[in-house]
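For reference, query.pdb (PDB, C-alpha atoms, pLDDT in the B column):
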```
ATOM      1  CA  ARG P  25     252.339-150.217 153.684  1.00 71.00           C
ATOM      2  CA  VAL P  26     253.391-153.457 152.011  1.00 73.00           C
ATOM      3  CA  GLY P  27     250.513-155.023 150.079  1.00 76.00           C
ATOM      4  CA  ASP P  28     247.976-156.266 152.644  1.00 73.00           C
ATOM      5  CA  ALA P  29     250.236-155.432 155.603  1.00 74.00           C
ATOM      6  CA  PHE P  30     252.129-152.482 157.087  1.00 75.00           C
ATOM      7  CA  TRP P  31     255.186-151.967 159.276  1.00 73.00           C
ATOM      8  CA  GLN P  32     254.386-150.820 162.799  1.00 73.00           C
ATOM      9  CA  ARG P  33     257.147-149.329 164.952  1.00 71.00           C
ATOM     10  CA  GLN P  34     256.568-148.974 168.685  1.00 68.00           C
ATOM     11  CA  GLY P  35     259.198-148.395 171.333  1.00 68.00           C
ATOM     12  CA  GLY P  36     262.095-149.056 168.979  1.00 72.00           C
ATOM     13  CA  THR P  37     260.808-152.386 167.690  1.00 74.00           C
ATOM     14  CA  GLU P  38     259.218-153.017 164.311  1.00 75.00           C
ATOM     15  CA  ARG P  39     256.727-155.656 163.302  1.00 72.00           C
ATOM     16  CA  LEU P  40     254.800-156.424 160.161  1.00 72.00           C
ATOM     17  CA  CYS P  41     251.063-156.184 160.868  1.00 73.00           C
ATOM     18  CA  PRO P  42     248.394-157.545 158.548  1.00 72.00           C
ATOM     19  CA  LEU P  43     245.664-155.087 157.632  1.00 71.00           C
ATOM     20  CA  GLY P  44     242.922-155.797 160.141  1.00 65.00           C
ATOM     21  CA  GLY P  45     245.362-156.605 162.970  1.00 60.00           C
ATOM     22  CA  ALA P  46     244.054-157.349 166.429  1.00 59.00           C
ATOM     23  CA  ASP P  47     245.481-154.541 168.589  1.00 71.00           C
ATOM     24  CA  ARG P  48     243.946-151.034 168.664  1.00 74.00           C
ATOM     25  CA  ALA P  49     246.838-149.293 166.912  1.00 75.00           C
ATOM     26  CA  ALA P  50     246.852-151.843 164.082  1.00 76.00           C
ATOM     27  CA  ALA P  51     243.057-151.642 163.730  1.00 80.00           C
ATOM     28  CA  PHE P  52     243.211-147.826 163.634  1.00 83.00           C
ATOM     29  CA  HIS P  53     245.954-147.785 160.990  1.00 81.00           C
ATOM     30  CA  THR P  54     244.099-150.439 158.999  1.00 82.00           C
ATOM     31  CA  ALA P  55     241.023-148.192 158.883  1.00 86.00           C
ATOM     32  CA  LEU P  56     243.168-145.259 157.733  1.00 89.00           C
ATOM     33  CA  TYR P  57     244.920-147.274 155.012  1.00 87.00           C
ATOM     34  CA  ARG P  58     241.641-148.643 153.702  1.00 87.00           C
ATOM     35  CA  ALA P  59     239.998-145.219 153.591  1.00 90.00           C
ATOM     36  CA  LEU P  60     242.996-143.357 152.124  1.00 88.00           C
ATOM     37  CA  ASP P  61     243.261-145.027 148.763  1.00 82.00           C
ATOM     38  CA  GLY P  62     246.855-144.685 147.592  1.00 82.00           C
ATOM     39  CA  ALA P  63     248.374-144.086 151.031  1.00 87.00           C
ATOM     40  CA  GLY P  64     251.756-145.770 151.147  1.00 89.00           C
ATOM     41  CA  ALA P  65     252.693-144.630 154.646  1.00 90.00           C
ATOM     42  CA  ILE P  66     251.029-143.141 157.709  1.00 91.00           C
ATOM     43  CA  LEU P  67     253.329-141.951 160.503  1.00 92.00           C
ATOM     44  CA  HIS P  68     252.315-141.140 164.075  1.00 91.00           C
ATOM     45  CA  LEU P  69     254.581-138.402 165.446  1.00 93.00           C
ATOM     46  CA  THR P  70     255.123-138.226 169.189  1.00 92.00           C
ATOM     47  CA  ASP P  71     258.157-135.912 169.268  1.00 93.00           C
ATOM     48  CA  PRO P  72     258.134-133.592 172.319  1.00 95.00           C
ATOM     49  CA  ASP P  73     257.666-130.424 170.226  1.00 95.00           C
ATOM     50  CA  VAL P  74     254.806-131.944 168.218  1.00 96.00           C
ATOM     51  CA  VAL P  75     253.042-133.212 171.350  1.00 95.00           C
ATOM     52  CA  ALA P  76     253.542-129.831 173.071  1.00 95.00           C
ATOM     53  CA  VAL P  77     251.913-127.996 170.154  1.00 95.00           C
ATOM     54  CA  SER P  78     249.104-130.561 169.972  1.00 95.00           C
ATOM     55  CA  MET P  79     248.407-130.048 173.691  1.00 95.00           C
ATOM     56  CA  SER P  80     247.224-126.504 172.965  1.00 92.00           C
ATOM     57  CA  GLY P  81     244.275-127.793 170.934  1.00 92.00           C
ATOM     58  CA  ARG P  82     244.787-124.883 168.513  1.00 93.00           C
ATOM     59  CA  PRO P  83     245.413-125.160 164.767  1.00 93.00           C
ATOM     60  CA  LEU P  84     249.018-124.808 163.639  1.00 95.00           C
ATOM     61  CA  ARG P  85     249.447-121.841 161.332  1.00 95.00           C
ATOM     62  CA  PRO P  86     252.747-121.927 159.448  1.00 94.00           C
ATOM     63  CA  LEU P  87     255.550-119.566 160.366  1.00 94.00           C
ATOM     64  CA  LEU P  88     257.721-120.957 157.562  1.00 92.00           C
ATOM     65  CA  ASP P  89     256.970-121.143 153.854  1.00 91.00           C
ATOM     66  CA  ASP P  90     257.803-124.845 153.459  1.00 91.00           C
ATOM     67  CA  LEU P  91     255.095-125.896 155.910  1.00 91.00           C
ATOM     68  CA  ALA P  92     252.645-123.567 154.146  1.00 92.00           C
ATOM     69  CA  GLN P  93     253.472-125.227 150.815  1.00 89.00           C
ATOM     70  CA  ILE P  94     252.729-128.692 152.130  1.00 82.00           C
ATOM     71  CA  ALA P  95     249.925-127.966 154.622  1.00 82.00           C
ATOM     72  CA  GLY P  96     248.274-124.752 153.475  1.00 84.00           C
ATOM     73  CA  THR P  97     247.010-121.978 155.728  1.00 90.00           C
ATOM     74  CA  GLU P  98     246.692-124.124 158.852  1.00 91.00           C
ATOM     75  CA  LEU P  99     246.741-127.679 160.163  1.00 92.00           C
ATOM     76  CA  VAL P 100     243.751-128.578 162.261  1.00 90.00           C
ATOM     77  CA  CYS P 101     244.148-129.862 165.787  1.00 93.00           C
ATOM     78  CA  LEU P 102     241.421-132.381 166.494  1.00 92.00           C
ATOM     79  CA  THR P 103     240.138-132.624 170.042  1.00 84.00           C
ATOM     80  CA  ALA P 104     237.628-135.391 169.374  1.00 71.00           C
ATOM     81  CA  CYS P 105     239.506-137.792 167.131  1.00 69.00           C
ATOM     82  CA  GLY P 106     236.809-139.383 165.061  1.00 81.00           C
ATOM     83  CA  LEU P 107     237.970-141.302 162.027  1.00 87.00           C
ATOM     84  CA  SER P 108     236.046-139.099 159.575  1.00 89.00           C
ATOM     85  CA  GLU P 109     237.650-135.896 160.929  1.00 89.00           C
ATOM     86  CA  ILE P 110     241.130-137.447 160.792  1.00 91.00           C
ATOM     87  CA  LEU P 111     240.555-138.621 157.224  1.00 92.00           C
ATOM     88  CA  ARG P 112     239.322-135.182 156.175  1.00 90.00           C
ATOM     89  CA  GLY P 113     242.465-133.566 157.612  1.00 88.00           C
ATOM     90  CA  LEU P 114     244.810-136.112 156.041  1.00 90.00           C
ATOM     91  CA  ARG P 115     243.146-135.841 152.639  1.00 89.00           C
ATOM     92  CA  ARG P 116     243.309-132.060 152.682  1.00 87.00           C
ATOM     93  CA  HIS P 117     246.724-131.429 154.234  1.00 86.00           C
ATOM     94  CA  GLY P 118     248.568-134.739 154.502  1.00 87.00           C
ATOM     95  CA  ALA P 119     248.890-134.193 158.253  1.00 92.00           C
ATOM     96  CA  VAL P 120     246.705-133.559 161.267  1.00 94.00           C
ATOM     97  CA  LEU P 121     247.416-132.728 164.918  1.00 95.00           C
ATOM     98  CA  LEU P 122     245.733-134.905 167.546  1.00 94.00           C
ATOM     99  CA  ARG P 123     245.145-133.024 170.795  1.00 94.00           C
ATOM    100  CA  GLY P 124     247.667-134.241 173.348  1.00 92.00           C
ATOM    101  CA  ALA P 125     248.719-137.191 171.175  1.00 91.00           C
ATOM    102  CA  GLY P 126     251.052-135.661 168.588  1.00 94.00           C
ATOM    103  CA  ALA P 127     250.205-135.851 164.901  1.00 94.00           C
ATOM    104  CA  LEU P 128     249.594-138.128 161.934  1.00 94.00           C
ATOM    105  CA  CYS P 129     251.327-137.609 158.576  1.00 93.00           C
ATOM    106  CA  ALA P 130     250.369-139.518 155.431  1.00 91.00           C
ATOM    107  CA  GLY P 131     251.878-139.835 152.000  1.00 89.00           C
ATOM    108  CA  SER P 132     251.780-141.941 148.879  1.00 89.00           C
ATOM    109  CA  SER P 133     255.199-143.308 149.898  1.00 90.00           C
ATOM    110  CA  ARG P 134     257.245-143.568 153.076  1.00 89.00           C
ATOM    111  CA  GLU P 135     259.525-140.810 151.772  1.00 91.00           C
ATOM    112  CA  GLU P 136     256.595-138.449 151.173  1.00 89.00           C
ATOM    113  CA  ALA P 137     255.172-139.089 154.657  1.00 91.00           C
ATOM    114  CA  GLN P 138     258.637-138.611 156.197  1.00 92.00           C
ATOM    115  CA  ALA P 139     259.065-135.312 154.339  1.00 90.00           C
ATOM    116  CA  ALA P 140     255.722-134.079 155.680  1.00 90.00           C
ATOM    117  CA  ALA P 141     256.757-135.274 159.161  1.00 94.00           C
ATOM    118  CA  ARG P 142     260.073-133.355 158.981  1.00 95.00           C
ATOM    119  CA  LEU P 143     258.260-130.174 157.979  1.00 93.00           C
ATOM    120  CA  LEU P 144     255.663-130.630 160.698  1.00 95.00           C
ATOM    121  CA  ARG P 145     258.370-131.150 163.347  1.00 96.00           C
ATOM    122  CA  LYS P 146     260.134-128.012 162.100  1.00 96.00           C
ATOM    123  CA  GLY P 147     256.848-126.072 162.107  1.00 95.00           C
ATOM    124  CA  CYS P 148     256.079-127.143 165.680  1.00 96.00           C
ATOM    125  CA  LEU P 149     259.559-126.149 166.841  1.00 96.00           C
ATOM    126  CA  ALA P 150     259.154-122.778 165.093  1.00 95.00           C
ATOM    127  CA  ARG P 151     255.814-122.242 166.852  1.00 95.00           C
ATOM    128  CA  ARG P 152     257.348-122.997 170.247  1.00 94.00           C
ATOM    129  CA  PHE P 153     260.156-120.511 169.596  1.00 94.00           C
ATOM    130  CA  ALA P 154     257.689-117.934 168.269  1.00 94.00           C
ATOM    131  CA  GLN P 155     255.656-118.130 171.471  1.00 91.00           C
ATOM    132  CA  ALA P 156     258.731-116.904 173.344  1.00 91.00           C
ATOM    133  CA  VAL P 157     259.380-113.977 170.969  1.00 93.00           C
ATOM    134  CA  PRO P 158     257.065-110.987 171.337  1.00 91.00           C
ATOM    135  CA  GLY P 159     255.504-109.886 168.054  1.00 91.00           C
ATOM    136  CA  CYS P 160     256.368-113.070 166.143  1.00 92.00           C
ATOM    137  CA  ARG P 161     253.387-114.023 163.981  1.00 93.00           C
ATOM    138  CA  PRO P 162     252.524-116.813 161.536  1.00 93.00           C
ATOM    139  CA  LEU P 163     252.470-116.133 157.808  1.00 93.00           C
ATOM    140  CA  ARG P 164     249.451-114.163 156.676  1.00 94.00           C
ATOM    141  CA  ARG P 165     246.718-116.483 155.446  1.00 93.00           C
ATOM    142  CA  GLU P 166     246.901-114.969 151.961  1.00 94.00           C
ATOM    143  CA  ASP P 167     250.662-115.611 151.788  1.00 93.00           C
ATOM    144  CA  ALA P 168     250.283-119.187 153.034  1.00 92.00           C
ATOM    145  CA  ALA P 169     247.480-119.835 150.528  1.00 92.00           C
ATOM    146  CA  LEU P 170     249.633-118.467 147.703  1.00 92.00           C
ATOM    147  CA  GLN P 171     252.550-120.681 148.776  1.00 90.00           C
ATOM    148  CA  ARG P 172     250.221-123.696 148.812  1.00 88.00           C
ATOM    149  CA  LEU P 173     248.685-122.829 145.434  1.00 89.00           C
ATOM    150  CA  PHE P 174     252.103-122.542 143.792  1.00 87.00           C
ATOM    151  CA  TYR P 175     253.232-125.830 145.322  1.00 84.00           C
ATOM    152  CA  VAL P 176     250.128-127.764 144.253  1.00 81.00           C
ATOM    153  CA  THR P 177     249.787-126.312 140.743  1.00 87.00           C
ATOM    154  CA  LYS P 178     253.434-126.038 139.714  1.00 79.00           C
ATOM    155  CA  TYR P 179     256.009-127.803 141.861  1.00 69.00           C
ATOM    156  CA  ALA P 180     254.129-130.969 142.884  1.00 61.00           C
ATOM    157  CA  LYS P 181     252.968-131.658 139.327  1.00 60.00           C
ATOM    158  CA  ARG P 182     256.485-131.137 137.961  1.00 60.00           C
ATOM    159  CA  LYS P 183     257.945-133.362 140.680  1.00 55.00           C
ATOM    160  CA  THR P 184     255.417-136.206 140.471  1.00 53.00           C
ATOM    161  CA  GLY P 185     253.959-135.795 137.025  1.00 52.00           C
ATOM    162  CA  GLY P 186     250.452-135.420 138.418  1.00 48.00           C
ATOM    163  CA  SER P 187     248.355-134.107 141.231  1.00 45.00           C
ATOM    164  CA  GLU P 188     248.812-134.988 144.864  1.00 48.00           C
ATOM    165  CA  PRO P 189     247.238-138.135 146.328  1.00 47.00           C
ATOM    166  CA  TRP P 190     243.656-138.093 147.641  1.00 40.00           C
ATOM    167  CA  GLY P 191     242.857-134.897 145.735  1.00 40.00           C
ATOM    168  CA  ARG P 192     244.469-132.561 148.281  1.00 45.00           C
ATOM    169  CA  SER P 193     244.427-128.916 147.304  1.00 42.00           C
TER     170      SER P 193
END
```
Exercise: express the given structure as structure tokens:
Amino acid sequence: RVGDAFWQRQGGTERLCPLGGADRAAAFHTALYRALDGAGAILHLTDPDVVAVSMSGRPLRPLLDDLAQIAGTELVCLTACGLSEILRGLRRHGAVLLRGAGALCAGSSREEAQAAARLLRKGCLARRFAQAVPGCRPLRREDAALQRLFYVTKYAKRKTGGSEPWGRS
């Protein structure tokens, strides 16, 4: 986001779109930026591993501690992508899977959104590998919640000097 506009990248080309742009993607992102006060970047991930995991329609439970720290015990996968459900997921976890359409990652800056995107890509790849390995399971919910609690109460505050954007916890 840059003031009253944002950069939109599609098919390898970038353009600066004013908030309230005419096409559907610009209008959708405009609604997200307006509702997520403090959002500096919202990324739409369409990597093959992310789309493959989103096709399942199931929540993504972390297999790795870094995804648990950022996202908590699970990332929801929305089948009916209403704006209010997407906003709830982004406020709570900073990312949300969209059934068959990849995922959205948000952050207070482009770097924060890109970090969440890297972890989500890694988490999706881990899930795809885990599906091929008998007995491989996600982190226990209690362990993931503890990882998230430590990240939110200790590391994120030390790193940023405050709490995370949009009151995520």
Running the PyMOL selection byres ((chain P and resi 108-114) around 8) on this model by hand, what would come out? Give it as a JSON list (two decimals) with C-alpha atoms, keeping the file's coordinate frame.
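Below is the file out.json, written as the result:
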```json
[["chain", "number", "residue", "atom", "x", "y", "z"],
["P", 56, "LEU", "CA", 243.17, -145.26, 157.73],
["P", 59, "ALA", "CA", 240.00, -145.22, 153.59],
["P", 60, "LEU", "CA", 243.00, -143.36, 152.12],
["P", 99, "LEU", "CA", 246.74, -127.68, 160.16],
["P", 100, "VAL", "CA", 243.75, -128.58, 162.26],
["P", 102, "LEU", "CA", 241.42, -132.38, 166.49],
["P", 105, "CYS", "CA", 239.51, -137.79, 167.13],
["P", 106, "GLY", "CA", 236.81, -139.38, 165.06],
["P", 107, "LEU", "CA", 237.97, -141.30, 162.03],
["P", 115, "ARG", "CA", 243.15, -135.84, 152.64],
["P", 116, "ARG", "CA", 243.31, -132.06, 152.68],
["P", 117, "HIS", "CA", 246.72, -131.43, 154.23],
["P", 118, "GLY", "CA", 248.57, -134.74, 154.50],
["P", 119, "ALA", "CA", 248.89, -134.19, 158.25],
["P", 120, "VAL", "CA", 246.70, -133.56, 161.27],
["P", 128, "LEU", "CA", 249.59, -138.13, 161.93],
["P", 129, "CYS", "CA", 251.33, -137.61, 158.58],
["P", 130, "ALA", "CA", 250.37, -139.52, 155.43]]
```
| field | Target residues per the PyMOL selection byres ((chain P and resi 136) around 12), formatted as a list in words | value | Ala63, Gly64, Ala65, Ile66, Leu67, Ile94, Gly118, Ala119, Cys129, Ala130, Gly131, Ser132, Ser133, Arg134, Glu135, Ala137, Gln138, Ala139, Ala140, Ala141, Arg142, Leu143, Ala180, Lys183, Thr184, Glu188 and Pro189 of chain P
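CA of Thr70 (chain P) lies 22.5 Å from CA of Leu43 (chain P).
Note that CA of Ala127 (chain P) and CA of Ala169 (chain P) are 21.7 Å apart.
Checking P:Gly124, P:Gln171, P:Lys146, P:Gly36 one by one against Val77 (chain P), counting all atoms listed in the file, you find the shortest gap at P:Gly124.
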Would you kindly identify which residues have an atom no farther than 10 Å from (259.2, -122.0, 151.1), using only C-alpha atoms and the file's own coordinates, and write them out as an mmCIF file with C-alpha atoms, in the frame of the given file?
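Writing done, so here's result.cif:
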```cif
data_model
loop_
_atom_site.group_PDB
_atom_site.id
_atom_site.type_symbol
_atom_site.label_atom_id
_atom_site.label_comp_id
_atom_site.auth_asym_id
_atom_site.auth_seq_id
_atom_site.Cartn_x
_atom_site.Cartn_y
_atom_site.Cartn_z
ATOM 1 C CA LEU P 88 257.721 -120.957 157.562
ATOM 2 C CA ASP P 89 256.970 -121.143 153.854
ATOM 3 C CA ASP P 90 257.803 -124.845 153.459
ATOM 4 C CA LEU P 91 255.095 -125.896 155.910
ATOM 5 C CA ALA P 92 252.645 -123.567 154.146
ATOM 6 C CA GLN P 93 253.472 -125.227 150.815
ATOM 7 C CA ILE P 94 252.729 -128.692 152.130
ATOM 8 C CA ALA P 168 250.283 -119.187 153.034
ATOM 9 C CA GLN P 171 252.550 -120.681 148.776
ATOM 10 C CA ARG P 172 250.221 -123.696 148.812
ATOM 11 C CA TYR P 175 253.232 -125.830 145.322
#
```
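From CA of Leu121 (chain P) back to CA of Ala95 (chain P), the distance works out to 11.6 Å.
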Expected axis-aligned box over every listed atom of region 117-129 of chain P, 5 Å added per side, centre plus edges in Å to one decimal, as AutoDock Vina command-line options:
```
--center_x 248.2 --center_y -134.8 --center_z 163.8 --size_x 16.2 --size_y 16.7 --size_z 29.1
```
| said: Please determine, counting all atoms listed in the file, which residue among P:Tyr57, P:Phe52, P:Phe174, P:Phe153 has the shortest atom-to-atom distance to Asp28 (chain P). | reply: P:Tyr57
| message | I'd like to know which of P:Arg33, P:Leu122, P:Ser80, P:Leu87 is closest to Cys160 (chain P), using only C-alpha atoms. | response | P:Leu87
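With only C-alpha atoms as the atoms that count, the residue of P:Met79, P:Ala125, P:Leu84, P:Ala49 with the shortest distance to Arg165 (chain P) is P:Leu84.
With distances taken over all atoms listed in the file, P:Leu149 is the one residue among P:Val176, P:Leu149, P:Val157, P:Leu163 lying closest to Asp73 (chain P).
Using all atoms listed in the file, the shortest contact distance between Leu144 (chain P) and any of P:Gly126, P:Pro158, P:Gly27, P:Pro42 is found at P:Gly126.
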| request: Carefully work through the PyMOL selection byres ((chain P and resi 31) around 10) for this structure and note down the residues it includes, as a PyMOL selection string. | output: chain P and resi 25-26+29-30+32-34+38-42+50+65-66
